[in-house]
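Structure data (PDB, C-alpha atoms, pLDDT in the B column) from structure_1.pdb:
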```
ATOM      1  CA  MET A 241       6.018  21.490   8.701  1.00 92.00           C
ATOM      2  CA  GLU A 242       3.716  24.241   7.483  1.00 94.00           C
ATOM      3  CA  ARG A 243       1.921  21.845   5.129  1.00 95.00           C
ATOM      4  CA  LEU A 244       1.470  19.333   7.918  1.00 96.00           C
ATOM      5  CA  ASP A 245       0.158  22.075  10.213  1.00 95.00           C
ATOM      6  CA  ASN A 246      -2.293  23.180   7.520  1.00 96.00           C
ATOM      7  CA  HIS A 247      -3.715  19.663   7.292  1.00 96.00           C
ATOM      8  CA  ASP A 248      -3.779  18.958  11.051  1.00 96.00           C
ATOM      9  CA  VAL A 249      -1.229  16.164  10.739  1.00 97.00           C
ATOM     10  CA  PRO A 250       0.529  15.391  14.043  1.00 96.00           C
ATOM     11  CA  HIS A 251       4.262  15.911  13.647  1.00 95.00           C
ATOM     12  CA  ALA A 252       7.391  17.190  15.318  1.00 92.00           C
ATOM     13  CA  PRO A 253      10.708  18.475  14.026  1.00 91.00           C
ATOM     14  CA  VAL A 254      13.829  16.325  14.026  1.00 94.00           C
ATOM     15  CA  LEU A 255      16.247  18.197  16.262  1.00 95.00           C
ATOM     16  CA  THR A 256      20.005  18.246  16.167  1.00 96.00           C
ATOM     17  CA  ARG A 257      21.815  17.178  19.333  1.00 91.00           C
ATOM     18  CA  GLY A 258      22.446  20.803  20.316  1.00 90.00           C
ATOM     19  CA  GLU A 259      18.836  21.770  19.677  1.00 94.00           C
ATOM     20  CA  MET A 260      17.596  18.806  21.695  1.00 92.00           C
ATOM     21  CA  ILE A 261      19.867  19.457  24.688  1.00 91.00           C
ATOM     22  CA  ASN A 262      18.777  23.106  24.807  1.00 93.00           C
ATOM     23  CA  HIS A 263      15.092  22.522  24.032  1.00 94.00           C
ATOM     24  CA  PRO A 264      12.807  24.322  26.543  1.00 95.00           C
ATOM     25  CA  GLN A 265      10.949  21.099  27.420  1.00 93.00           C
ATOM     26  CA  ILE A 266      14.199  19.215  28.071  1.00 92.00           C
ATOM     27  CA  LEU A 267      15.434  22.053  30.279  1.00 93.00           C
ATOM     28  CA  ALA A 268      12.123  22.398  32.157  1.00 94.00           C
ATOM     29  CA  ASN A 269      12.027  18.676  32.954  1.00 89.00           C
ATOM     30  CA  ASP A 270      15.743  18.396  33.874  1.00 87.00           C
ATOM     31  CA  VAL A 271      16.082  15.473  31.464  1.00 89.00           C
ATOM     32  CA  ILE A 272      19.853  15.836  31.046  1.00 90.00           C
ATOM     33  CA  VAL A 273      22.205  15.276  33.988  1.00 87.00           C
ATOM     34  CA  GLU A 274      25.971  15.782  34.053  1.00 87.00           C
ATOM     35  CA  HIS A 275      28.590  14.083  36.181  1.00 84.00           C
ATOM     36  CA  ASP A 276      32.329  13.501  36.229  1.00 85.00           C
ATOM     37  CA  HIS A 277      33.639  10.086  35.210  1.00 82.00           C
ATOM     38  CA  PRO A 278      37.127   9.105  36.439  1.00 79.00           C
ATOM     39  CA  GLN A 279      38.383   8.123  32.963  1.00 79.00           C
ATOM     40  CA  ALA A 280      36.007   9.820  30.504  1.00 82.00           C
ATOM     41  CA  GLY A 281      35.751  13.219  32.200  1.00 87.00           C
ATOM     42  CA  ARG A 282      32.529  15.246  32.186  1.00 88.00           C
ATOM     43  CA  LEU A 283      29.592  13.205  30.831  1.00 86.00           C
ATOM     44  CA  ARG A 284      26.032  14.080  29.913  1.00 87.00           C
ATOM     45  CA  GLN A 285      23.239  11.519  30.073  1.00 86.00           C
ATOM     46  CA  THR A 286      19.502  11.346  30.434  1.00 87.00           C
ATOM     47  CA  ARG A 287      18.129  11.052  33.926  1.00 86.00           C
ATOM     48  CA  ALA A 288      15.952   8.153  35.027  1.00 83.00           C
ATOM     49  CA  PRO A 289      12.619   8.378  33.170  1.00 84.00           C
ATOM     50  CA  ALA A 290      10.459   8.456  36.307  1.00 84.00           C
ATOM     51  CA  ILE A 291      10.771  10.919  39.175  1.00 82.00           C
ATOM     52  CA  PHE A 292       9.430   9.940  42.600  1.00 85.00           C
ATOM     53  CA  SER A 293       9.350  12.493  45.408  1.00 84.00           C
ATOM     54  CA  GLY A 294       9.858   9.860  48.120  1.00 88.00           C
ATOM     55  CA  THR A 295      12.782   8.102  46.436  1.00 86.00           C
ATOM     56  CA  PRO A 296      14.784  10.540  44.331  1.00 79.00           C
ATOM     57  CA  THR A 297      17.388   9.115  41.960  1.00 79.00           C
ATOM     58  CA  ASP A 298      20.979   9.785  42.967  1.00 75.00           C
ATOM     59  CA  TYR A 299      23.670   9.703  40.270  1.00 70.00           C
ATOM     60  CA  GLN A 300      26.785   8.769  42.191  1.00 67.00           C
ATOM     61  CA  ARG A 301      29.115   8.061  39.262  1.00 66.00           C
ATOM     62  CA  GLY A 302      29.335   6.807  35.710  1.00 68.00           C
ATOM     63  CA  GLY A 303      29.346   3.202  34.607  1.00 73.00           C
ATOM     64  CA  PRO A 304      32.067   0.912  35.938  1.00 80.00           C
ATOM     65  CA  GLY A 305      35.207   0.178  33.987  1.00 81.00           C
ATOM     66  CA  LEU A 306      35.824  -3.186  32.363  1.00 87.00           C
ATOM     67  CA  GLY A 307      36.364  -5.710  35.134  1.00 91.00           C
ATOM     68  CA  GLU A 308      35.947  -3.141  37.886  1.00 89.00           C
ATOM     69  CA  HIS A 309      33.568  -5.312  39.946  1.00 92.00           C
ATOM     70  CA  THR A 310      34.402  -8.771  38.618  1.00 95.00           C
ATOM     71  CA  GLN A 311      35.561 -10.265  41.898  1.00 94.00           C
ATOM     72  CA  GLU A 312      32.701  -8.778  43.938  1.00 94.00           C
ATOM     73  CA  VAL A 313      30.081 -10.034  41.468  1.00 94.00           C
ATOM     74  CA  LEU A 314      31.561 -13.526  41.292  1.00 96.00           C
ATOM     75  CA  LEU A 315      31.851 -13.747  45.079  1.00 96.00           C
ATOM     76  CA  GLU A 316      28.246 -12.611  45.457  1.00 96.00           C
ATOM     77  CA  ALA A 317      27.238 -15.319  42.957  1.00 96.00           C
ATOM     78  CA  GLY A 318      28.782 -17.892  45.304  1.00 97.00           C
ATOM     79  CA  ILE A 319      31.942 -18.637  43.333  1.00 96.00           C
ATOM     80  CA  ALA A 320      34.912 -19.546  45.524  1.00 96.00           C
ATOM     81  CA  GLN A 321      37.937 -17.244  45.645  1.00 95.00           C
ATOM     82  CA  ASP A 322      40.286 -19.937  44.277  1.00 96.00           C
ATOM     83  CA  THR A 323      37.954 -20.489  41.305  1.00 96.00           C
ATOM     84  CA  ILE A 324      37.839 -16.743  40.692  1.00 95.00           C
ATOM     85  CA  GLN A 325      41.634 -16.594  40.705  1.00 95.00           C
ATOM     86  CA  ALA A 326      41.753 -19.455  38.182  1.00 96.00           C
ATOM     87  CA  LEU A 327      39.244 -17.627  35.943  1.00 96.00           C
ATOM     88  CA  LEU A 328      41.354 -14.478  36.125  1.00 95.00           C
ATOM     89  CA  GLN A 329      44.634 -16.319  35.431  1.00 95.00           C
ATOM     90  CA  THR A 330      43.228 -18.100  32.367  1.00 95.00           C
ATOM     91  CA  GLY A 331      41.621 -14.919  31.013  1.00 93.00           C
ATOM     92  CA  ALA A 332      38.083 -16.330  31.324  1.00 94.00           C
ATOM     93  CA  ALA A 333      37.335 -13.339  33.595  1.00 94.00           C
ATOM     94  CA  ILE A 334      38.838  -9.876  33.634  1.00 93.00           C
ATOM     95  CA  ALA A 335      39.570  -7.719  36.666  1.00 90.00           C
ATOM     96  CA  GLU A 336      40.562  -4.085  36.521  1.00 81.00           C
ATOM     97  CA  HIS A 337      44.323  -3.716  36.766  1.00 61.00           C
ATOM     98  CA  ASN A 338      45.488  -2.287  40.089  1.00 49.00           C
ATOM     99  CA  HIS A 339      48.079   0.370  39.220  1.00 41.00           C
ATOM    100  CA  GLU A 340      49.103   0.812  42.862  1.00 42.00           C
ATOM    101  CA  SER A 341      50.889  -2.558  42.824  1.00 39.00           C
ATOM    102  CA  ASP A 342      53.055  -1.730  39.767  1.00 36.00           C
TER
END
```
Please rewrite the model in this file as structure tokens.
Amino acid sequence: MERLDNHDVPHAPVLTRGEMINHPQILANDVIVEHDHPQAGRLRQTRAPAIFSGTPTDYQRGGPGLGEHTQEVLLEAGIAQDTIQALLQTGAAIAEHNHESD
């Protein structure tokens, strides 16, 4: 780094994960957000790259589980409920298991 500095070569250090998360620029720009995920627990992720004062980004939850929205997505795509049930029964589509009905 010193040699690069001495020769006016643009460069930056390669940071470890801990160094990056605690870097003053990352902290000043609130780049890292944390939220609780129902299965994975506390998660850290980067915020949306752009910040708009009139439409702030709201992190409501983590990513959906496998099959969590299958039926809603297929219905919205115009697929009939009986076709969706057939896709689920044959394994061509997956829906999140409902533990309440066990």
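The residues returned by the PyMOL selection byres ((chain A and resi 279) around 12) on the shown structure are His275, Asp276, His277, Pro278, Ala280, Gly281, Arg282, Leu283, Arg301, Gly302, Gly303, Pro304, Gly305 and Leu306 of chain A.
What separates atom CA of Ala290 of chain A from atom CA of Glu308 of chain A is a distance of 28.0 Å.
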For the PyMOL selection byres ((chain A and resi 286) around 12), applied here, can you spell out every residue it catches as a PDB file with C-alpha atoms, keeping the file's coordinate frame?
```
ATOM      1  CA  MET A 260      17.596  18.806  21.695  1.00 92.00           C
ATOM      2  CA  ILE A 261      19.867  19.457  24.688  1.00 91.00           C
ATOM      3  CA  ILE A 266      14.199  19.215  28.071  1.00 92.00           C
ATOM      4  CA  LEU A 267      15.434  22.053  30.279  1.00 93.00           C
ATOM      5  CA  ASN A 269      12.027  18.676  32.954  1.00 89.00           C
ATOM      6  CA  ASP A 270      15.743  18.396  33.874  1.00 87.00           C
ATOM      7  CA  VAL A 271      16.082  15.473  31.464  1.00 89.00           C
ATOM      8  CA  ILE A 272      19.853  15.836  31.046  1.00 90.00           C
ATOM      9  CA  VAL A 273      22.205  15.276  33.988  1.00 87.00           C
ATOM     10  CA  GLU A 274      25.971  15.782  34.053  1.00 87.00           C
ATOM     11  CA  HIS A 275      28.590  14.083  36.181  1.00 84.00           C
ATOM     12  CA  LEU A 283      29.592  13.205  30.831  1.00 86.00           C
ATOM     13  CA  ARG A 284      26.032  14.080  29.913  1.00 87.00           C
ATOM     14  CA  GLN A 285      23.239  11.519  30.073  1.00 86.00           C
ATOM     15  CA  ARG A 287      18.129  11.052  33.926  1.00 86.00           C
ATOM     16  CA  ALA A 288      15.952   8.153  35.027  1.00 83.00           C
ATOM     17  CA  PRO A 289      12.619   8.378  33.170  1.00 84.00           C
ATOM     18  CA  ALA A 290      10.459   8.456  36.307  1.00 84.00           C
ATOM     19  CA  THR A 297      17.388   9.115  41.960  1.00 79.00           C
ATOM     20  CA  TYR A 299      23.670   9.703  40.270  1.00 70.00           C
TER      21      TYR A 299
END
```
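Counting from atom CA of Leu244 of chain A, the distance to atom CA of Asn262 of chain A is 24.5 Å.
Taking atom CA of His263 of chain A and atom CA of Gly294 of chain A as the two end points, the separation is 27.7 Å.
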Selection under test: the PyMOL selection byres ((chain A and resi 310) around 9); residues as JSON, numbers by chain | {"A": [306, 307, 308, 309, 311, 312, 313, 314, 315, 324, 333, 334, 335, 336]}
Just C-alpha atoms for this one: save the residues we selected as a tab-separated table (two decimals), keeping the file's coordinate frame.
```tsv
chain	number	residue	atom	x	y	z
A	306	LEU	CA	35.82	-3.19	32.36
A	307	GLY	CA	36.36	-5.71	35.13
A	308	GLU	CA	35.95	-3.14	37.89
A	309	HIS	CA	33.57	-5.31	39.95
A	311	GLN	CA	35.56	-10.26	41.90
A	312	GLU	CA	32.70	-8.78	43.94
A	313	VAL	CA	30.08	-10.03	41.47
A	314	LEU	CA	31.56	-13.53	41.29
A	315	LEU	CA	31.85	-13.75	45.08
A	324	ILE	CA	37.84	-16.74	40.69
A	333	ALA	CA	37.34	-13.34	33.60
A	334	ILE	CA	38.84	-9.88	33.63
A	335	ALA	CA	39.57	-7.72	36.67
A	336	GLU	CA	40.56	-4.08	36.52
```
For the structure just given, write the atoms of segment 249-282 of chain A, namely N, CA, C and O atoms, as a compact mmCIF listing (two decimals), in the first residue's frame.
```
# COMPACT_ATOMS: atom_id res chain seq x y z
N VAL A 249 -0.71 5.48 -7.30
CA VAL A 249 -1.53 4.45 -7.93
C VAL A 249 -2.82 4.31 -7.13
O VAL A 249 -2.78 4.07 -5.92
N PRO A 250 -3.98 4.49 -7.78
CA PRO A 250 -5.25 4.31 -7.05
C PRO A 250 -5.36 2.88 -6.52
O PRO A 250 -5.06 1.93 -7.25
N HIS A 251 -5.76 2.74 -5.30
CA HIS A 251 -5.89 1.41 -4.69
C HIS A 251 -6.73 1.52 -3.43
O HIS A 251 -7.03 2.60 -2.96
N ALA A 252 -7.09 0.36 -2.93
CA ALA A 252 -7.83 0.27 -1.67
C ALA A 252 -7.49 -1.06 -1.03
O ALA A 252 -7.17 -2.03 -1.73
N PRO A 253 -7.56 -1.13 0.28
CA PRO A 253 -7.26 -2.41 0.94
C PRO A 253 -8.40 -3.41 0.74
O PRO A 253 -9.55 -3.03 0.51
N VAL A 254 -8.06 -4.67 0.83
CA VAL A 254 -9.08 -5.73 0.84
C VAL A 254 -9.40 -5.96 2.31
O VAL A 254 -8.54 -6.31 3.10
N LEU A 255 -10.66 -5.72 2.67
CA LEU A 255 -11.06 -5.81 4.07
C LEU A 255 -11.65 -7.17 4.40
O LEU A 255 -12.28 -7.80 3.55
N THR A 256 -11.47 -7.57 5.63
CA THR A 256 -12.15 -8.77 6.11
C THR A 256 -13.62 -8.41 6.31
O THR A 256 -13.99 -7.22 6.32
N ARG A 257 -14.45 -9.40 6.52
CA ARG A 257 -15.88 -9.14 6.74
C ARG A 257 -16.09 -8.22 7.95
O ARG A 257 -16.85 -7.25 7.90
N GLY A 258 -15.40 -8.51 9.03
CA GLY A 258 -15.53 -7.69 10.25
C GLY A 258 -15.05 -6.27 10.03
O GLY A 258 -15.67 -5.31 10.51
N GLU A 259 -13.95 -6.11 9.30
CA GLU A 259 -13.46 -4.77 9.00
C GLU A 259 -14.44 -4.01 8.12
O GLU A 259 -14.67 -2.81 8.31
N MET A 260 -15.02 -4.70 7.16
CA MET A 260 -15.96 -4.06 6.24
C MET A 260 -17.22 -3.62 6.98
O MET A 260 -17.68 -2.49 6.83
N ILE A 261 -17.78 -4.49 7.80
CA ILE A 261 -19.02 -4.17 8.51
C ILE A 261 -18.83 -2.98 9.45
O ILE A 261 -19.74 -2.18 9.64
N ASN A 262 -17.63 -2.85 10.01
CA ASN A 262 -17.36 -1.77 10.97
C ASN A 262 -16.60 -0.60 10.35
O ASN A 262 -16.16 0.30 11.08
N HIS A 263 -16.47 -0.57 9.04
CA HIS A 263 -15.75 0.51 8.37
C HIS A 263 -16.52 1.83 8.55
O HIS A 263 -17.75 1.85 8.45
N PRO A 264 -15.82 2.93 8.85
CA PRO A 264 -16.50 4.21 9.07
C PRO A 264 -17.44 4.63 7.93
O PRO A 264 -18.51 5.19 8.19
N GLN A 265 -17.07 4.37 6.69
CA GLN A 265 -17.92 4.76 5.57
C GLN A 265 -19.20 3.92 5.52
O GLN A 265 -20.28 4.43 5.25
N ILE A 266 -19.08 2.64 5.82
CA ILE A 266 -20.25 1.75 5.86
C ILE A 266 -21.19 2.21 6.97
O ILE A 266 -22.41 2.29 6.78
N LEU A 267 -20.64 2.53 8.12
CA LEU A 267 -21.45 2.98 9.25
C LEU A 267 -22.10 4.33 8.97
O LEU A 267 -23.28 4.54 9.25
N ALA A 268 -21.36 5.26 8.38
CA ALA A 268 -21.89 6.60 8.09
C ALA A 268 -23.04 6.55 7.09
O ALA A 268 -23.97 7.35 7.17
N ASN A 269 -22.97 5.62 6.14
CA ASN A 269 -23.99 5.52 5.10
C ASN A 269 -25.11 4.53 5.44
O ASN A 269 -25.99 4.29 4.61
N ASP A 270 -25.06 3.93 6.62
CA ASP A 270 -26.08 2.93 7.02
C ASP A 270 -26.27 1.88 5.95
O ASP A 270 -27.39 1.55 5.55
N VAL A 271 -25.18 1.32 5.46
CA VAL A 271 -25.23 0.34 4.37
C VAL A 271 -25.76 -1.01 4.84
O VAL A 271 -26.43 -1.71 4.10
N ILE A 272 -25.51 -1.36 6.08
CA ILE A 272 -25.92 -2.66 6.62
C ILE A 272 -27.20 -2.50 7.44
O ILE A 272 -27.30 -1.63 8.29
N VAL A 273 -28.19 -3.33 7.14
CA VAL A 273 -29.43 -3.35 7.92
C VAL A 273 -29.57 -4.73 8.55
O VAL A 273 -29.06 -5.72 8.03
N GLU A 274 -30.24 -4.79 9.68
CA GLU A 274 -30.48 -6.06 10.37
C GLU A 274 -31.98 -6.24 10.57
O GLU A 274 -32.70 -5.28 10.78
N HIS A 275 -32.42 -7.48 10.48
CA HIS A 275 -33.81 -7.81 10.74
C HIS A 275 -33.90 -9.24 11.21
O HIS A 275 -32.97 -10.02 11.05
N ASP A 276 -35.04 -9.59 11.79
CA ASP A 276 -35.26 -10.95 12.27
C ASP A 276 -36.01 -11.75 11.21
O ASP A 276 -37.02 -11.30 10.68
N HIS A 277 -35.49 -12.93 10.93
CA HIS A 277 -36.12 -13.85 9.97
C HIS A 277 -36.76 -14.97 10.78
O HIS A 277 -36.16 -15.45 11.75
N PRO A 278 -37.98 -15.40 10.42
CA PRO A 278 -38.67 -16.40 11.24
C PRO A 278 -37.93 -17.73 11.39
O PRO A 278 -38.04 -18.38 12.42
N GLN A 279 -37.18 -18.16 10.39
CA GLN A 279 -36.44 -19.42 10.50
C GLN A 279 -34.94 -19.21 10.76
O GLN A 279 -34.33 -19.95 11.49
N ALA A 280 -34.35 -18.20 10.14
CA ALA A 280 -32.90 -18.02 10.20
C ALA A 280 -32.44 -17.17 11.37
O ALA A 280 -31.25 -17.12 11.66
N GLY A 281 -33.35 -16.49 12.05
CA GLY A 281 -32.97 -15.63 13.17
C GLY A 281 -32.53 -14.25 12.69
O GLY A 281 -32.99 -13.76 11.67
N ARG A 282 -31.62 -13.64 13.42
CA ARG A 282 -31.15 -12.29 13.12
C ARG A 282 -30.26 -12.32 11.88
O ARG A 282 -29.29 -13.07 11.83
```
